[in-house]
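This is coords17.pdb. It holds PDB, C-alpha atoms.
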ATOM      1  CA  MET A   1     -12.533   5.306 -14.512
ATOM      2  CA  SER A   2     -12.539   7.783 -17.337
ATOM      3  CA  GLY A   3     -14.036  11.238 -17.129
ATOM      4  CA  ARG A   4     -11.820  12.677 -14.422
ATOM      5  CA  ASP A   5      -8.853  14.994 -14.535
ATOM      6  CA  SER A   6      -5.469  13.373 -14.826
ATOM      7  CA  ALA A   7      -2.726  13.904 -12.288
ATOM      8  CA  PRO A   8      -0.819  17.204 -12.420
ATOM      9  CA  GLY A   9       2.535  17.681 -14.105
ATOM     10  CA  GLY A  10       4.772  14.688 -14.626
ATOM     11  CA  LEU A  11       2.518  12.500 -12.481
ATOM     12  CA  ALA A  12       0.188  12.302 -15.492
ATOM     13  CA  LEU A  13       2.856  10.113 -17.138
ATOM     14  CA  VAL A  14       3.016   7.825 -14.094
ATOM     15  CA  GLU A  15      -0.780   7.633 -13.890
ATOM     16  CA  ALA A  16      -1.057   6.851 -17.608
ATOM     17  CA  LEU A  17       1.587   4.114 -17.371
ATOM     18  CA  VAL A  18      -0.113   2.420 -14.414
ATOM     19  CA  ASN A  19      -3.424   2.588 -16.280
ATOM     20  CA  THR A  20      -2.107   0.777 -19.376
ATOM     21  CA  LEU A  21      -3.359  -2.447 -17.796
ATOM     22  CA  ASP A  22      -7.074  -2.981 -17.216
ATOM     23  CA  VAL A  23      -6.895  -5.282 -14.186
ATOM     24  CA  GLY A  24     -10.535  -6.351 -14.613
ATOM     25  CA  THR A  25     -10.203  -7.537 -18.202
ATOM     26  CA  GLY A  26      -6.460  -8.105 -18.513
ATOM     27  CA  ALA A  27      -6.285  -5.826 -21.567
ATOM     28  CA  ASP A  28      -2.827  -4.270 -21.811
ATOM     29  CA  THR A  29      -2.387  -1.300 -24.143
ATOM     30  CA  LEU A  30       1.368  -1.937 -24.155
ATOM     31  CA  ASP A  31       0.493  -4.895 -26.407
ATOM     32  CA  THR A  32      -0.486  -2.438 -29.145
ATOM     33  CA  ALA A  33       1.694  -0.248 -31.341
ATOM     34  CA  ASP A  34      -0.331   2.843 -30.345
ATOM     35  CA  GLY A  35      -0.015   1.969 -26.670
ATOM     36  CA  ARG A  36       3.753   1.649 -26.967
ATOM     37  CA  ALA A  37       4.005   4.830 -29.045
ATOM     38  CA  ALA A  38       2.296   6.821 -26.269
ATOM     39  CA  PHE A  39       5.376   6.129 -24.108
ATOM     40  CA  ALA A  40       7.956   6.084 -26.934
ATOM     41  CA  LEU A  41       8.614   2.375 -26.324
ATOM     42  CA  ALA A  42       9.976  -0.221 -28.695
ATOM     43  CA  GLU A  43       8.477  -3.700 -28.449
ATOM     44  CA  SER A  44      11.683  -4.860 -26.733
ATOM     45  CA  ASP A  45      11.119  -2.225 -23.984
ATOM     46  CA  VAL A  46       7.734  -3.650 -22.952
ATOM     47  CA  PRO A  47       8.894  -6.184 -20.310
ATOM     48  CA  ALA A  48      10.819  -3.476 -18.440
ATOM     49  CA  ALA A  49       7.881  -1.061 -18.776
ATOM     50  CA  ARG A  50       5.542  -3.702 -17.327
ATOM     51  CA  ALA A  51       7.850  -4.279 -14.356
ATOM     52  CA  LEU A  52       8.006  -0.516 -13.771
ATOM     53  CA  ARG A  53       4.210  -0.248 -14.114
ATOM     54  CA  GLU A  54       3.518  -2.923 -11.510
ATOM     55  CA  ALA A  55       6.089  -1.518  -9.067
ATOM     56  CA  LEU A  56       4.409   1.876  -9.459
ATOM     57  CA  ARG A  57       0.959   0.329  -8.916
ATOM     58  CA  THR A  58       2.192  -1.211  -5.649
ATOM     59  CA  VAL A  59       3.405   2.185  -4.443
ATOM     60  CA  CYS A  60       0.117   3.813  -5.504
ATOM     61  CA  LEU A  61      -1.729   1.188  -3.457
ATOM     62  CA  ALA A  62       0.549   1.999  -0.508
ATOM     63  CA  HIS A  63      -0.344   5.688  -0.921
ATOM     64  CA  ALA A  64      -3.999   4.641  -0.578
ATOM     65  CA  GLY A  65      -3.223   2.867   2.686
ATOM     66  CA  HIS A  66      -2.750  -0.690   1.450
ATOM     67  CA  ARG A  67       0.273  -2.451   2.809
ATOM     68  CA  PRO A  68       2.631  -3.627   0.099
ATOM     69  CA  PRO A  69       2.999  -7.380  -0.255
ATOM     70  CA  GLU A  70       5.905  -8.929   1.577
ATOM     71  CA  ASP A  71       7.792  -9.377  -1.710
ATOM     72  CA  ASP A  72       9.721  -6.074  -1.382
ATOM     73  CA  SER A  73       7.822  -4.312  -4.197
ATOM     74  CA  VAL A  74       8.591  -0.821  -2.933
ATOM     75  CA  PRO A  75      12.324  -1.537  -2.906
ATOM     76  CA  LEU A  76      11.813  -2.984  -6.414
ATOM     77  CA  LEU A  77      10.709   0.465  -7.589
ATOM     78  CA  ASP A  78      13.784   1.910  -5.913
ATOM     79  CA  ARG A  79      15.996  -0.580  -7.764
ATOM     80  CA  LEU A  80      14.274   0.125 -11.089
ATOM     81  CA  LEU A  81      14.682   3.875 -10.682
ATOM     82  CA  ALA A  82      18.315   3.578  -9.566
ATOM     83  CA  ASP A  83      19.345   3.106 -13.193
ATOM     84  CA  ALA A  84      17.582   6.279 -14.341
ATOM     85  CA  PRO A  85      20.269   8.735 -15.443
ATOM     86  CA  LEU A  86      19.237  12.146 -14.054
ATOM     87  CA  ARG A  87      21.055  15.414 -13.466
ATOM     88  CA  VAL A  88      20.264  18.635 -11.668
ATOM     89  CA  THR A  89      19.781  21.661 -13.903
ATOM     90  CA  VAL A  90      19.484  25.268 -12.790
ATOM     91  CA  ASP A  91      17.885  27.848 -15.073
ATOM     92  CA  ALA A  92      18.709  31.584 -15.325
ATOM     93  CA  ALA A  93      16.178  32.385 -12.583
ATOM     94  CA  GLY A  94      17.908  29.934 -10.231
ATOM     95  CA  VAL A  95      15.170  27.297 -10.369
ATOM     96  CA  ALA A  96      16.616  23.806  -9.926
ATOM     97  CA  ALA A  97      15.097  20.713 -11.499
ATOM     98  CA  LEU A  98      15.991  17.093 -12.157
ATOM     99  CA  ARG A  99      16.250  16.261 -15.836
ATOM    100  CA  PRO A 100      16.973  13.006 -17.671
ATOM    101  CA  VAL A 101      20.538  12.868 -18.960
ATOM    102  CA  GLU A 102      19.867  10.934 -22.147
ATOM    103  CA  GLU A 103      18.135  12.384 -25.200
ATOM    104  CA  PRO A 104      15.531  11.328 -25.898
ATOM    105  CA  PRO A 105      14.979  10.316 -22.277
ATOM    106  CA  GLY A 106      13.912   6.756 -21.569
ATOM    107  CA  LEU A 107      10.703   5.921 -19.748
ATOM    108  CA  THR A 108      12.441   5.078 -16.474
ATOM    109  CA  ALA A 109      14.279   8.417 -16.422
ATOM    110  CA  ARG A 110      11.072  10.327 -17.200
ATOM    111  CA  VAL A 111       9.238   8.491 -14.422
ATOM    112  CA  ALA A 112      12.095   9.073 -11.957
ATOM    113  CA  ALA A 113      12.148  12.810 -12.736
ATOM    114  CA  ALA A 114       8.348  12.989 -12.348
ATOM    115  CA  ILE A 115       8.478  11.224  -8.978
ATOM    116  CA  ALA A 116      11.310  13.441  -7.712
ATOM    117  CA  THR A 117       9.470  16.605  -8.733
ATOM    118  CA  ALA A 118       6.182  15.390  -7.261
ATOM    119  CA  SER A 119       7.919  14.400  -4.022
ATOM    120  CA  ALA A 120       9.429  17.867  -3.752
ATOM    121  CA  ASP A 121       6.110  19.628  -4.334
ATOM    122  CA  GLY A 122       4.099  17.285  -2.103
ATOM    123  CA  THR A 123       1.893  15.695  -4.770
ATOM    124  CA  TRP A 124       3.513  12.243  -5.055
ATOM    125  CA  SER A 125       1.576  10.711  -2.148
ATOM    126  CA  ARG A 126      -1.739  11.775  -3.717
ATOM    127  CA  LEU A 127      -1.232   9.448  -6.691
ATOM    128  CA  LYS A 128      -3.087   6.351  -5.562
ATOM    129  CA  ALA A 129      -4.539   3.116  -6.885
ATOM    130  CA  CYS A 130      -8.217   2.218  -6.562
ATOM    131  CA  GLU A 131      -9.068  -0.038  -3.640
ATOM    132  CA  ALA A 132     -11.346  -2.204  -5.811
ATOM    133  CA  ALA A 133      -9.521  -5.475  -6.518
ATOM    134  CA  ASP A 134     -11.035  -5.684 -10.003
ATOM    135  CA  CYS A 135      -9.940  -2.135 -10.866
ATOM    136  CA  ARG A 136      -6.640  -0.948  -9.286
ATOM    137  CA  GLU A 137      -6.647   2.049 -11.658
ATOM    138  CA  ALA A 138      -4.346   4.911 -10.693
ATOM    139  CA  TYR A 139      -5.967   8.236  -9.870
ATOM    140  CA  TYR A 140      -4.910  11.541  -8.398
ATOM    141  CA  ASP A 141      -6.614  12.218  -5.060
ATOM    142  CA  ARG A 142      -7.876  15.793  -5.153
ATOM    143  CA  SER A 143     -10.018  15.440  -2.016
ATOM    144  CA  PRO A 144      -9.285  18.049   0.670
ATOM    145  CA  ALA A 145      -8.245  15.455   3.260
ATOM    146  CA  GLY A 146      -6.426  13.220   0.750
ATOM    147  CA  ARG A 147      -8.314  10.118   1.878
ATOM    148  CA  ARG A 148     -10.059   8.927  -1.265
ATOM    149  CA  ARG A 149     -10.169   5.140  -1.620
ATOM    150  CA  TRP A 150     -11.631   4.577  -5.090
ATOM    151  CA  CYS A 151     -10.962   5.946  -8.538
ATOM    152  CA  SER A 152     -14.662   6.757  -8.842
ATOM    153  CA  MET A 153     -17.170   6.995  -6.031
ATOM    154  CA  SER A 154     -20.001   6.550  -8.523
ATOM    155  CA  VAL A 155     -18.660   3.200  -9.781
ATOM    156  CA  CYS A 156     -16.026   1.427  -7.660
ATOM    157  CA  GLY A 157     -16.987   3.183  -4.420
ATOM    158  CA  ALA A 158     -20.696   2.567  -4.925
ATOM    159  CA  ARG A 159     -20.067  -1.123  -5.623
ATOM    160  CA  ALA A 160     -17.964  -1.507  -2.475
ATOM    161  CA  LYS A 161     -20.514   0.279  -0.318
ATOM    162  CA  MET A 162     -23.333  -1.839  -1.774
ATOM    163  CA  ARG A 163     -21.368  -5.044  -1.029
ATOM    164  CA  THR A 164     -20.836  -3.875   2.557
ATOM    165  CA  TYR A 165     -24.523  -3.005   2.913
ATOM    166  CA  ARG A 166     -25.654  -6.368   1.549
ATOM    167  CA  ALA A 167     -23.219  -8.240   3.803
ATOM    168  CA  LYS A 168     -24.660  -6.469   6.862
ATOM    169  CA  ARG A 169     -28.240  -7.282   5.841
ATOM    170  CA  GLY A 170     -27.336 -10.939   5.678
TER
END
Please, can you express the file's structure as structure tokens?
Amino acid sequence: MSGRDSAPGGLALVEALVNTLDVGTGADTLDTADGRAAFALAESDVPAARALREALRTVCLAHAGHRPPEDDSVPLLDRLLADAPLRVTVDAAGVAALRPVEEPPGLTARVAAAIATASADGTWSRLKACEAADCREAYYDRSPAGRRRWCSMSVCGARAKMRTYRAKRG
């Protein structure tokens, strides 16, 4: 749901990519020139970007506590990222970072670098996907306990709680 802060650092790229598909309506911004331009994608890059997006969504759902389907989607992300050419750089202050090798870096390399950085700083597991089946939007869980289930408590969370309440009332 719009109106909230995006994920920190490079995770904003991952969050934005996952959110290019509106699961409820099926609208895909990668179908538009502006949507592709936001990720520096050519039209021929879209199928690979979609595969990466859905593998990322599966991992974001796993971060929210949903078991991945039995189709090996988490290893799929691993396979997709395996081709991302990265290298370790060390600046003058001795700070090490992973950087894409190619210039300009491709989407997969940028995503791989963002995930590696977020894993190192402990933020990767807080990028989640909404529990609502008609939403599945990625969001960054800023809650103190890290247990948020919905992208928006006022929309998706309220709907889920109302469904549960109505089911109990019969």
>> I need the output of the PyMOL selection byres ((chain A and resi 32) around 12) for this file as a PyMOL selection string; which residues are they?
In response: chain A and resi 20-21+27-31+33-39+41-43+46
>> Can you spell out as a PyMOL selection string the set of residues that the PyMOL selection byres ((chain A and resi 77) around 10) selects in the structure I just provided?
In response: chain A and resi 51-59+72-76+78-82+112
> Between A:Ala7, A:Ala114, A:Met162, A:Ala167, which has the minimum distance to Pro100 in chain A (counting all atoms listed in the file)?
Replying inline: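 Looking only at the distances to Pro100 in chain A, the closest residue turns out to be A:Ala114.
Rounded to one decimal, CA of Gly10 in chain A and CA of Ala62 in chain A lie 19.4 Å from each other.
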> Rounded to one decimal in Å, what is the spacing between CA of Asp134 in chain A and CA of Lys168 in chain A?
Replying inline: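 The value is 21.7 Å.
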>> For His66 in chain A, find every residue with an atom within 12 Å (counting only C-alpha atoms), except residues of its own chain fewer than 4 positions away, and show them as a ChimeraX atom specification.
In response: /A:57-62,70,128-133,136,149
>> Going by the chain IDs and residue numbers used in this file, which residues fall under the PyMOL selection byres ((chain A and resi 116) around 12)? Write them as a ChimeraX atom specification.
In response: /A:9-11,14,78,81,84,86-88,96-100,109-115,117-125
If you count all atoms listed in the file, which residues fall within 12 Å of Arg148 in chain A, apart from same-chain ones fewer than 4 positions away, as a PDB file with C-alpha atoms, in the frame of the given file?
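Once everything was written out, this is part.pdb:
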ATOM      1  CA  LEU A  61      -1.729   1.188  -3.457  1.00  0.00           C
ATOM      2  CA  HIS A  63      -0.344   5.688  -0.921  1.00  0.00           C
ATOM      3  CA  ALA A  64      -3.999   4.641  -0.578  1.00  0.00           C
ATOM      4  CA  GLY A  65      -3.223   2.867   2.686  1.00  0.00           C
ATOM      5  CA  SER A 125       1.576  10.711  -2.148  1.00  0.00           C
ATOM      6  CA  ARG A 126      -1.739  11.775  -3.717  1.00  0.00           C
ATOM      7  CA  LEU A 127      -1.232   9.448  -6.691  1.00  0.00           C
ATOM      8  CA  LYS A 128      -3.087   6.351  -5.562  1.00  0.00           C
ATOM      9  CA  ALA A 129      -4.539   3.116  -6.885  1.00  0.00           C
ATOM     10  CA  CYS A 130      -8.217   2.218  -6.562  1.00  0.00           C
ATOM     11  CA  GLU A 131      -9.068  -0.038  -3.640  1.00  0.00           C
ATOM     12  CA  ALA A 138      -4.346   4.911 -10.693  1.00  0.00           C
ATOM     13  CA  TYR A 139      -5.967   8.236  -9.870  1.00  0.00           C
ATOM     14  CA  TYR A 140      -4.910  11.541  -8.398  1.00  0.00           C
ATOM     15  CA  ASP A 141      -6.614  12.218  -5.060  1.00  0.00           C
ATOM     16  CA  ARG A 142      -7.876  15.793  -5.153  1.00  0.00           C
ATOM     17  CA  SER A 143     -10.018  15.440  -2.016  1.00  0.00           C
ATOM     18  CA  PRO A 144      -9.285  18.049   0.670  1.00  0.00           C
ATOM     19  CA  SER A 152     -14.662   6.757  -8.842  1.00  0.00           C
ATOM     20  CA  MET A 153     -17.170   6.995  -6.031  1.00  0.00           C
ATOM     21  CA  CYS A 156     -16.026   1.427  -7.660  1.00  0.00           C
ATOM     22  CA  GLY A 157     -16.987   3.183  -4.420  1.00  0.00           C
TER      23      GLY A 157
END
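One distance worth recording is that between CA of Ala40 in chain A and CA of Leu107 in chain A, which is 7.7 Å.
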